[in-house]
file input00.pdb (PDB, C-alpha atoms)
ATOM      1  CA  GLN A  13       9.158   4.192  -3.319  1.00  0.00           C
ATOM      2  CA  VAL A  14       5.586   3.335  -4.208  1.00  0.00           C
ATOM      3  CA  GLN A  15       4.630   0.779  -6.822  1.00  0.00           C
ATOM      4  CA  LEU A  16       1.225   0.960  -8.486  1.00  0.00           C
ATOM      5  CA  VAL A  17      -0.269  -1.802 -10.622  1.00  0.00           C
ATOM      6  CA  GLU A  18      -3.528  -1.260 -12.495  1.00  0.00           C
ATOM      7  CA  SER A  19      -5.869  -3.988 -13.657  1.00  0.00           C
ATOM      8  CA  GLY A  20      -9.409  -4.421 -14.906  1.00  0.00           C
ATOM      9  CA  GLY A  21      -9.229  -2.781 -18.299  1.00  0.00           C
ATOM     10  CA  GLY A  22     -10.641  -4.358 -21.413  1.00  0.00           C
ATOM     11  CA  LEU A  23     -13.076  -4.112 -24.286  1.00  0.00           C
ATOM     12  CA  VAL A  24     -16.693  -3.290 -23.529  1.00  0.00           C
ATOM     13  CA  GLN A  25     -19.699  -2.153 -25.527  1.00  0.00           C
ATOM     14  CA  ALA A  26     -21.136   1.315 -25.099  1.00  0.00           C
ATOM     15  CA  GLY A  27     -23.428   1.413 -22.084  1.00  0.00           C
ATOM     16  CA  GLY A  28     -21.472  -1.279 -20.307  1.00  0.00           C
ATOM     17  CA  SER A  29     -19.433  -1.205 -17.113  1.00  0.00           C
ATOM     18  CA  LEU A  30     -15.906  -1.908 -15.965  1.00  0.00           C
ATOM     19  CA  ARG A  31     -14.153  -1.689 -12.626  1.00  0.00           C
ATOM     20  CA  LEU A  32     -10.496  -0.719 -12.558  1.00  0.00           C
ATOM     21  CA  SER A  33      -8.236  -1.555  -9.640  1.00  0.00           C
ATOM     22  CA  CYS A  34      -4.894  -0.105  -8.616  1.00  0.00           C
ATOM     23  CA  ALA A  35      -2.860  -2.057  -6.074  1.00  0.00           C
ATOM     24  CA  ALA A  36      -0.281  -0.045  -4.160  1.00  0.00           C
ATOM     25  CA  SER A  37       2.804  -1.540  -2.559  1.00  0.00           C
ATOM     26  CA  GLY A  38       6.115  -0.401  -1.143  1.00  0.00           C
ATOM     27  CA  SER A  39       6.241   2.659   1.082  1.00  0.00           C
ATOM     28  CA  ILE A  40       2.496   3.145   1.126  1.00  0.00           C
ATOM     29  CA  PHE A  41       2.217   4.892   4.464  1.00  0.00           C
ATOM     30  CA  SER A  42       1.617   8.620   4.161  1.00  0.00           C
ATOM     31  CA  ILE A  43       0.037   8.296   0.714  1.00  0.00           C
ATOM     32  CA  SER A  44      -2.372  11.203   0.593  1.00  0.00           C
ATOM     33  CA  ILE A  45      -4.224  11.799  -2.640  1.00  0.00           C
ATOM     34  CA  MET A  46      -4.775   9.039  -5.167  1.00  0.00           C
ATOM     35  CA  GLY A  47      -6.348   9.426  -8.532  1.00  0.00           C
ATOM     36  CA  TRP A  48      -7.191   8.093 -11.952  1.00  0.00           C
ATOM     37  CA  TYR A  49      -6.099   9.782 -15.143  1.00  0.00           C
ATOM     38  CA  ARG A  50      -6.581   8.818 -18.763  1.00  0.00           C
ATOM     39  CA  GLN A  51      -4.880   9.437 -22.046  1.00  0.00           C
ATOM     40  CA  ALA A  52      -6.454   8.882 -25.434  1.00  0.00           C
ATOM     41  CA  PRO A  53      -4.285   8.535 -28.555  1.00  0.00           C
ATOM     42  CA  GLY A  54      -2.885  11.884 -29.618  1.00  0.00           C
ATOM     43  CA  LYS A  55      -4.255  13.670 -26.562  1.00  0.00           C
ATOM     44  CA  GLN A  56      -2.873  14.831 -23.246  1.00  0.00           C
ATOM     45  CA  ARG A  57      -3.295  12.914 -20.023  1.00  0.00           C
ATOM     46  CA  ASP A  58      -6.334  14.216 -18.187  1.00  0.00           C
ATOM     47  CA  LEU A  59      -7.708  13.886 -14.693  1.00  0.00           C
ATOM     48  CA  VAL A  60     -10.645  11.511 -14.305  1.00  0.00           C
ATOM     49  CA  ALA A  61     -11.156  11.418 -10.532  1.00  0.00           C
ATOM     50  CA  VAL A  62      -9.230  11.888  -7.303  1.00  0.00           C
ATOM     51  CA  ILE A  63      -9.793  10.860  -3.710  1.00  0.00           C
ATOM     52  CA  THR A  64      -8.068  12.026  -0.541  1.00  0.00           C
ATOM     53  CA  SER A  65      -7.028   9.850   2.367  1.00  0.00           C
ATOM     54  CA  GLY A  66     -10.141  11.111   4.149  1.00  0.00           C
ATOM     55  CA  GLY A  67     -12.438  10.067   1.331  1.00  0.00           C
ATOM     56  CA  ALA A  68     -13.178  13.410  -0.305  1.00  0.00           C
ATOM     57  CA  THR A  69     -13.618  13.027  -4.059  1.00  0.00           C
ATOM     58  CA  ASN A  70     -13.529  15.143  -7.180  1.00  0.00           C
ATOM     59  CA  TYR A  71     -14.465  14.196 -10.736  1.00  0.00           C
ATOM     60  CA  ALA A  72     -14.001  15.498 -14.229  1.00  0.00           C
ATOM     61  CA  ASP A  73     -17.265  16.892 -15.553  1.00  0.00           C
ATOM     62  CA  SER A  74     -17.282  14.334 -18.357  1.00  0.00           C
ATOM     63  CA  VAL A  75     -17.558  11.402 -15.934  1.00  0.00           C
ATOM     64  CA  LYS A  76     -19.707  12.832 -13.131  1.00  0.00           C
ATOM     65  CA  GLY A  77     -22.660  10.594 -12.402  1.00  0.00           C
ATOM     66  CA  ARG A  78     -21.136   7.676 -14.317  1.00  0.00           C
ATOM     67  CA  PHE A  79     -17.826   6.928 -12.582  1.00  0.00           C
ATOM     68  CA  THR A  80     -17.146   6.354  -8.895  1.00  0.00           C
ATOM     69  CA  ILE A  81     -13.715   6.431  -7.292  1.00  0.00           C
ATOM     70  CA  SER A  82     -13.069   4.645  -4.011  1.00  0.00           C
ATOM     71  CA  ARG A  83     -10.160   3.355  -1.986  1.00  0.00           C
ATOM     72  CA  ASP A  84      -9.758   0.491   0.443  1.00  0.00           C
ATOM     73  CA  ASN A  85      -6.940   1.535   2.745  1.00  0.00           C
ATOM     74  CA  ALA A  86      -6.846  -1.878   4.413  1.00  0.00           C
ATOM     75  CA  LYS A  87      -6.174  -3.515   1.033  1.00  0.00           C
ATOM     76  CA  ASN A  88      -4.031  -0.640  -0.263  1.00  0.00           C
ATOM     77  CA  THR A  89      -6.174  -0.577  -3.369  1.00  0.00           C
ATOM     78  CA  LEU A  90      -7.791   2.172  -5.399  1.00  0.00           C
ATOM     79  CA  TYR A  91     -10.857   1.519  -7.529  1.00  0.00           C
ATOM     80  CA  LEU A  92     -12.716   3.178 -10.363  1.00  0.00           C
ATOM     81  CA  GLN A  93     -16.215   1.910 -11.085  1.00  0.00           C
ATOM     82  CA  MET A  94     -17.166   2.987 -14.589  1.00  0.00           C
ATOM     83  CA  ASN A  95     -20.796   2.737 -15.688  1.00  0.00           C
ATOM     84  CA  SER A  96     -22.640   3.857 -18.807  1.00  0.00           C
ATOM     85  CA  LEU A  97     -19.404   3.807 -20.745  1.00  0.00           C
ATOM     86  CA  LYS A  98     -19.155   5.781 -23.965  1.00  0.00           C
ATOM     87  CA  PRO A  99     -16.778   5.413 -26.927  1.00  0.00           C
ATOM     88  CA  GLU A 100     -15.143   8.684 -25.885  1.00  0.00           C
ATOM     89  CA  ASP A 101     -14.068   7.010 -22.635  1.00  0.00           C
ATOM     90  CA  THR A 102     -11.632   4.912 -24.666  1.00  0.00           C
ATOM     91  CA  ALA A 103      -8.125   5.570 -23.342  1.00  0.00           C
ATOM     92  CA  VAL A 104      -5.271   4.204 -21.293  1.00  0.00           C
ATOM     93  CA  TYR A 105      -6.177   4.702 -17.647  1.00  0.00           C
ATOM     94  CA  TYR A 106      -3.407   5.454 -15.165  1.00  0.00           C
ATOM     95  CA  CYS A 107      -3.338   5.357 -11.386  1.00  0.00           C
ATOM     96  CA  LYS A 108      -1.439   8.098  -9.550  1.00  0.00           C
ATOM     97  CA  ALA A 109      -0.447   8.495  -5.926  1.00  0.00           C
ATOM     98  CA  PHE A 110       0.979  11.411  -3.975  1.00  0.00           C
ATOM     99  CA  ARG A 111       3.295  10.728  -1.077  1.00  0.00           C
ATOM    100  CA  LEU A 112       5.450  13.208   0.798  1.00  0.00           C
ATOM    101  CA  GLY A 113       5.721  15.616  -2.104  1.00  0.00           C
ATOM    102  CA  ARG A 114       6.356  13.025  -4.778  1.00  0.00           C
ATOM    103  CA  GLU A 115       4.037  11.505  -7.307  1.00  0.00           C
ATOM    104  CA  TYR A 116       3.991   7.948  -8.556  1.00  0.00           C
ATOM    105  CA  TRP A 117       2.339   6.454 -11.630  1.00  0.00           C
ATOM    106  CA  GLY A 118       1.230   3.008 -12.610  1.00  0.00           C
ATOM    107  CA  GLN A 119       1.874   1.516 -16.027  1.00  0.00           C
ATOM    108  CA  GLY A 120      -1.685   2.006 -17.237  1.00  0.00           C
ATOM    109  CA  THR A 121      -4.518  -0.242 -18.365  1.00  0.00           C
ATOM    110  CA  GLN A 122      -6.332   0.021 -21.686  1.00  0.00           C
ATOM    111  CA  VAL A 123     -10.070   0.639 -21.762  1.00  0.00           C
ATOM    112  CA  THR A 124     -11.777   0.377 -25.133  1.00  0.00           C
ATOM    113  CA  VAL A 125     -15.465   1.149 -25.556  1.00  0.00           C
ATOM    114  CA  SER A 126     -17.048   0.057 -28.820  1.00  0.00           C
ATOM    115  CA  SER A 127     -20.085   1.754 -30.294  1.00  0.00           C
TER     116      SER A 127
END

call {"tool": "encode", "arguments": {"input": "input00.pdb", "output": "structure tokens"}}
result
Amino acid sequence: QVQLVESGGGLVQAGGSLRLSCAASGSIFSISIMGWYRQAPGKQRDLVAVITSGGATNYADSVKGRFTISRDNAKNTLYLQMNSLKPEDTAVYYCKAFRLGREYWGQGTQVTVSS
């Protein structure tokens, strides 16, 4: 089992920045891909960014150039640096990990961007 705990969400004005963290614990060896997803009210959960164990990254077009995903394998922590935030970035942000064919989700952290 893998446990994921997100933190760092909050209320920020448009143009501001936040950094989300996702701490992984449990059977963390062999975790391959980790990622951030978000879900706005009434909408489906969408991919924001993913990163492989080797550091390769991929981003949703809507966040390219503004968000940066990174992972510290020594600290078992995933990060999402979010800059130039927009009201449309408002959502619950979830951390996801893939390990040996299974996926694990965190409980989510709310990000609210005011205009």

call {"tool": "resolve_selection", "arguments": {"input": "input00.pdb", "expression": "the PyMOL selection byres ((chain A and resi 102) around 9)", "output": "list in words"}}
result
Arg50, Gln51, Ala52, Leu97, Lys98, Pro99, Glu100, Asp101, Ala103, Val104, Tyr105, Gln122, Val123, Thr124, Val125 and Ser126 of chain A

call {"tool": "residues_near_point", "arguments": {"input": "input00.pdb", "point": "(-4.4, 4.0, -17.3)", "cutoff": "12 Å", "atoms": "only C-alpha atoms", "output": "short mmCIF file (atom, residue, chain, number, x, y, z; two decimals) with C-alpha atoms, in the coordinates of the input"}}
result
data_model
loop_
_atom_site.label_atom_id
_atom_site.label_comp_id
_atom_site.auth_asym_id
_atom_site.auth_seq_id
_atom_site.Cartn_x
_atom_site.Cartn_y
_atom_site.Cartn_z
CA LEU A 16 1.23 0.96 -8.49
CA VAL A 17 -0.27 -1.80 -10.62
CA GLU A 18 -3.53 -1.26 -12.50
CA SER A 19 -5.87 -3.99 -13.66
CA GLY A 20 -9.41 -4.42 -14.91
CA GLY A 21 -9.23 -2.78 -18.30
CA GLY A 22 -10.64 -4.36 -21.41
CA LEU A 32 -10.50 -0.72 -12.56
CA SER A 33 -8.24 -1.56 -9.64
CA CYS A 34 -4.89 -0.10 -8.62
CA GLY A 47 -6.35 9.43 -8.53
CA TRP A 48 -7.19 8.09 -11.95
CA TYR A 49 -6.10 9.78 -15.14
CA ARG A 50 -6.58 8.82 -18.76
CA GLN A 51 -4.88 9.44 -22.05
CA ALA A 52 -6.45 8.88 -25.43
CA ARG A 57 -3.30 12.91 -20.02
CA ASP A 58 -6.33 14.22 -18.19
CA LEU A 59 -7.71 13.89 -14.69
CA VAL A 60 -10.64 11.51 -14.30
CA TYR A 91 -10.86 1.52 -7.53
CA LEU A 92 -12.72 3.18 -10.36
CA ASP A 101 -14.07 7.01 -22.64
CA THR A 102 -11.63 4.91 -24.67
CA ALA A 103 -8.12 5.57 -23.34
CA VAL A 104 -5.27 4.20 -21.29
CA TYR A 105 -6.18 4.70 -17.65
CA TYR A 106 -3.41 5.45 -15.16
CA CYS A 107 -3.34 5.36 -11.39
CA LYS A 108 -1.44 8.10 -9.55
CA TRP A 117 2.34 6.45 -11.63
CA GLY A 118 1.23 3.01 -12.61
CA GLN A 119 1.87 1.52 -16.03
CA GLY A 120 -1.68 2.01 -17.24
CA THR A 121 -4.52 -0.24 -18.36
CA GLN A 122 -6.33 0.02 -21.69
CA VAL A 123 -10.07 0.64 -21.76
CA THR A 124 -11.78 0.38 -25.13
#

call {"tool": "closest_residue", "arguments": {"input": "input00.pdb", "among": "A:Thr69, A:Ser82, A:Thr89, A:Ser96", "to": "Ser127 in chain A", "atoms": "only C-alpha atoms"}}
result
A:Ser96

call {"tool": "atom_distance", "arguments": {"input": "input00.pdb", "atom1": "CA of Met94 in chain A", "atom2": "CA of Asp73 in chain A"}}
result
13.9 Å

call {"tool": "atom_distance", "arguments": {"input": "input00.pdb", "atom1": "CA of Glu115 in chain A", "atom2": "CA of Ser42 in chain A"}}
result
12.1 Å

call {"tool": "atom_distance", "arguments": {"input": "input00.pdb", "atom1": "CA of Gln13 in chain A", "atom2": "CA of Ala72 in chain A"}}
result
28.0 Å

call {"tool": "resolve_selection", "arguments": {"input": "input00.pdb", "expression": "the PyMOL selection byres ((chain A and resi 77) around 12)", "output": "list in words"}}
result
Ala61, Asn70, Tyr71, Ala72, Asp73, Ser74, Val75, Lys76, Arg78, Phe79, Thr80, Ile81, Gln93, Met94, Asn95, Ser96 and Leu97 of chain A

call {"tool": "closest_residue", "arguments": {"input": "input00.pdb", "among": "A:Gln56, A:Ser29, A:Gln15, A:Ser37", "to": "Ala86 in chain A", "atoms": "all atoms listed in the file"}}
result
A:Ser37

call {"tool": "closest_residue", "arguments": {"input": "input00.pdb", "among": "A:Ile43, A:Ala68, A:Ile63, A:Ala36", "to": "Arg114 in chain A", "atoms": "all atoms listed in the file"}}
result
A:Ile43

call {"tool": "residues_around", "arguments": {"input": "input00.pdb", "residues": "Ile45 in chain A", "least_positions_apart": "4", "cutoff": "8 Å", "atoms": "only C-alpha atoms", "output": "list in words"}}
result
Val62, Ile63, Thr64, Ser65, Ala109, Phe110 and Arg111 of chain A

call {"tool": "resolve_selection", "arguments": {"input": "input00.pdb", "expression": "the PyMOL selection byres ((chain A and resi 39) around 6)", "output": "PyMOL selection string"}}
result
chain A and resi 13-14+38+40-41

call {"tool": "decode", "arguments": {"input": "input00.pdb", "residues": "range 50-61 of chain A", "atoms": "all heavy atoms", "output": "short mmCIF file (atom, residue, chain, number, x, y, z; two decimals), in the first residue's frame"}}
result
data_model
loop_
_atom_site.label_atom_id
_atom_site.label_comp_id
_atom_site.auth_asym_id
_atom_site.auth_seq_id
_atom_site.Cartn_x
_atom_site.Cartn_y
_atom_site.Cartn_z
N ARG A 50 -6.45 17.58 -11.17
CA ARG A 50 -7.33 18.53 -10.51
C ARG A 50 -8.76 18.34 -10.96
O ARG A 50 -9.02 17.89 -12.08
CB ARG A 50 -6.88 19.98 -10.76
CG ARG A 50 -6.99 20.45 -12.21
CD ARG A 50 -6.36 21.83 -12.34
NE ARG A 50 -6.46 22.35 -13.72
CZ ARG A 50 -5.88 23.47 -14.12
NH1 ARG A 50 -5.16 24.20 -13.25
NH2 ARG A 50 -6.01 23.87 -15.36
N GLN A 51 -9.66 18.72 -10.05
CA GLN A 51 -11.08 18.59 -10.34
C GLN A 51 -11.80 19.83 -9.84
O GLN A 51 -11.81 20.10 -8.64
CB GLN A 51 -11.65 17.34 -9.68
CG GLN A 51 -13.08 17.04 -10.07
CD GLN A 51 -13.51 15.65 -9.64
OE1 GLN A 51 -12.91 15.05 -8.75
NE2 GLN A 51 -14.54 15.13 -10.27
N ALA A 52 -12.39 20.55 -10.78
CA ALA A 52 -13.20 21.72 -10.44
C ALA A 52 -14.63 21.27 -10.21
O ALA A 52 -15.05 20.21 -10.71
CB ALA A 52 -13.13 22.74 -11.57
N PRO A 53 -15.41 22.05 -9.48
CA PRO A 53 -16.81 21.66 -9.21
C PRO A 53 -17.59 21.39 -10.48
O PRO A 53 -17.56 22.19 -11.42
CB PRO A 53 -17.36 22.87 -8.46
CG PRO A 53 -16.17 23.50 -7.83
CD PRO A 53 -15.05 23.31 -8.80
N GLY A 54 -18.24 20.24 -10.53
CA GLY A 54 -19.07 19.90 -11.68
C GLY A 54 -18.30 19.43 -12.90
O GLY A 54 -18.90 19.22 -13.95
N LYS A 55 -16.99 19.26 -12.75
CA LYS A 55 -16.17 18.85 -13.90
C LYS A 55 -15.44 17.55 -13.58
O LYS A 55 -15.33 17.13 -12.44
CB LYS A 55 -15.17 19.95 -14.26
CG LYS A 55 -15.84 21.24 -14.75
CD LYS A 55 -14.82 22.22 -15.27
CE LYS A 55 -15.49 23.47 -15.82
NZ LYS A 55 -14.49 24.43 -16.37
N GLN A 56 -14.91 16.94 -14.61
CA GLN A 56 -14.16 15.70 -14.43
C GLN A 56 -12.76 16.00 -13.90
O GLN A 56 -12.29 17.14 -13.97
CB GLN A 56 -14.06 14.95 -15.75
CG GLN A 56 -13.22 15.65 -16.81
CD GLN A 56 -13.17 14.87 -18.11
OE1 GLN A 56 -13.99 13.99 -18.37
NE2 GLN A 56 -12.18 15.16 -18.95
N ARG A 57 -12.13 14.96 -13.37
CA ARG A 57 -10.77 15.11 -12.88
C ARG A 57 -9.82 15.05 -14.08
O ARG A 57 -9.86 14.10 -14.86
CB ARG A 57 -10.45 14.00 -11.88
CG ARG A 57 -9.17 14.21 -11.11
CD ARG A 57 -9.00 13.16 -10.03
NE ARG A 57 -10.06 13.25 -9.03
CZ ARG A 57 -10.08 12.53 -7.91
NH1 ARG A 57 -9.08 11.68 -7.66
NH2 ARG A 57 -11.06 12.65 -7.05
N ASP A 58 -8.97 16.05 -14.19
CA ASP A 58 -8.08 16.16 -15.34
C ASP A 58 -6.62 16.12 -14.93
O ASP A 58 -6.24 16.57 -13.84
CB ASP A 58 -8.33 17.47 -16.09
CG ASP A 58 -9.67 17.52 -16.79
OD1 ASP A 58 -10.12 16.45 -17.26
OD2 ASP A 58 -10.26 18.61 -16.86
N LEU A 59 -5.80 15.64 -15.84
CA LEU A 59 -4.36 15.63 -15.63
C LEU A 59 -3.82 17.06 -15.63
O LEU A 59 -4.20 17.88 -16.47
CB LEU A 59 -3.69 14.84 -16.75
CG LEU A 59 -2.17 14.93 -16.83
CD1 LEU A 59 -1.53 14.18 -15.67
CD2 LEU A 59 -1.67 14.40 -18.16
N VAL A 60 -2.93 17.34 -14.69
CA VAL A 60 -2.21 18.61 -14.67
C VAL A 60 -0.77 18.39 -15.14
O VAL A 60 -0.29 19.06 -16.05
CB VAL A 60 -2.21 19.23 -13.26
CG1 VAL A 60 -1.36 20.50 -13.23
CG2 VAL A 60 -3.63 19.51 -12.81
N ALA A 61 -0.08 17.44 -14.50
CA ALA A 61 1.32 17.18 -14.84
C ALA A 61 1.71 15.81 -14.28
O ALA A 61 1.17 15.37 -13.27
CB ALA A 61 2.23 18.25 -14.27
#
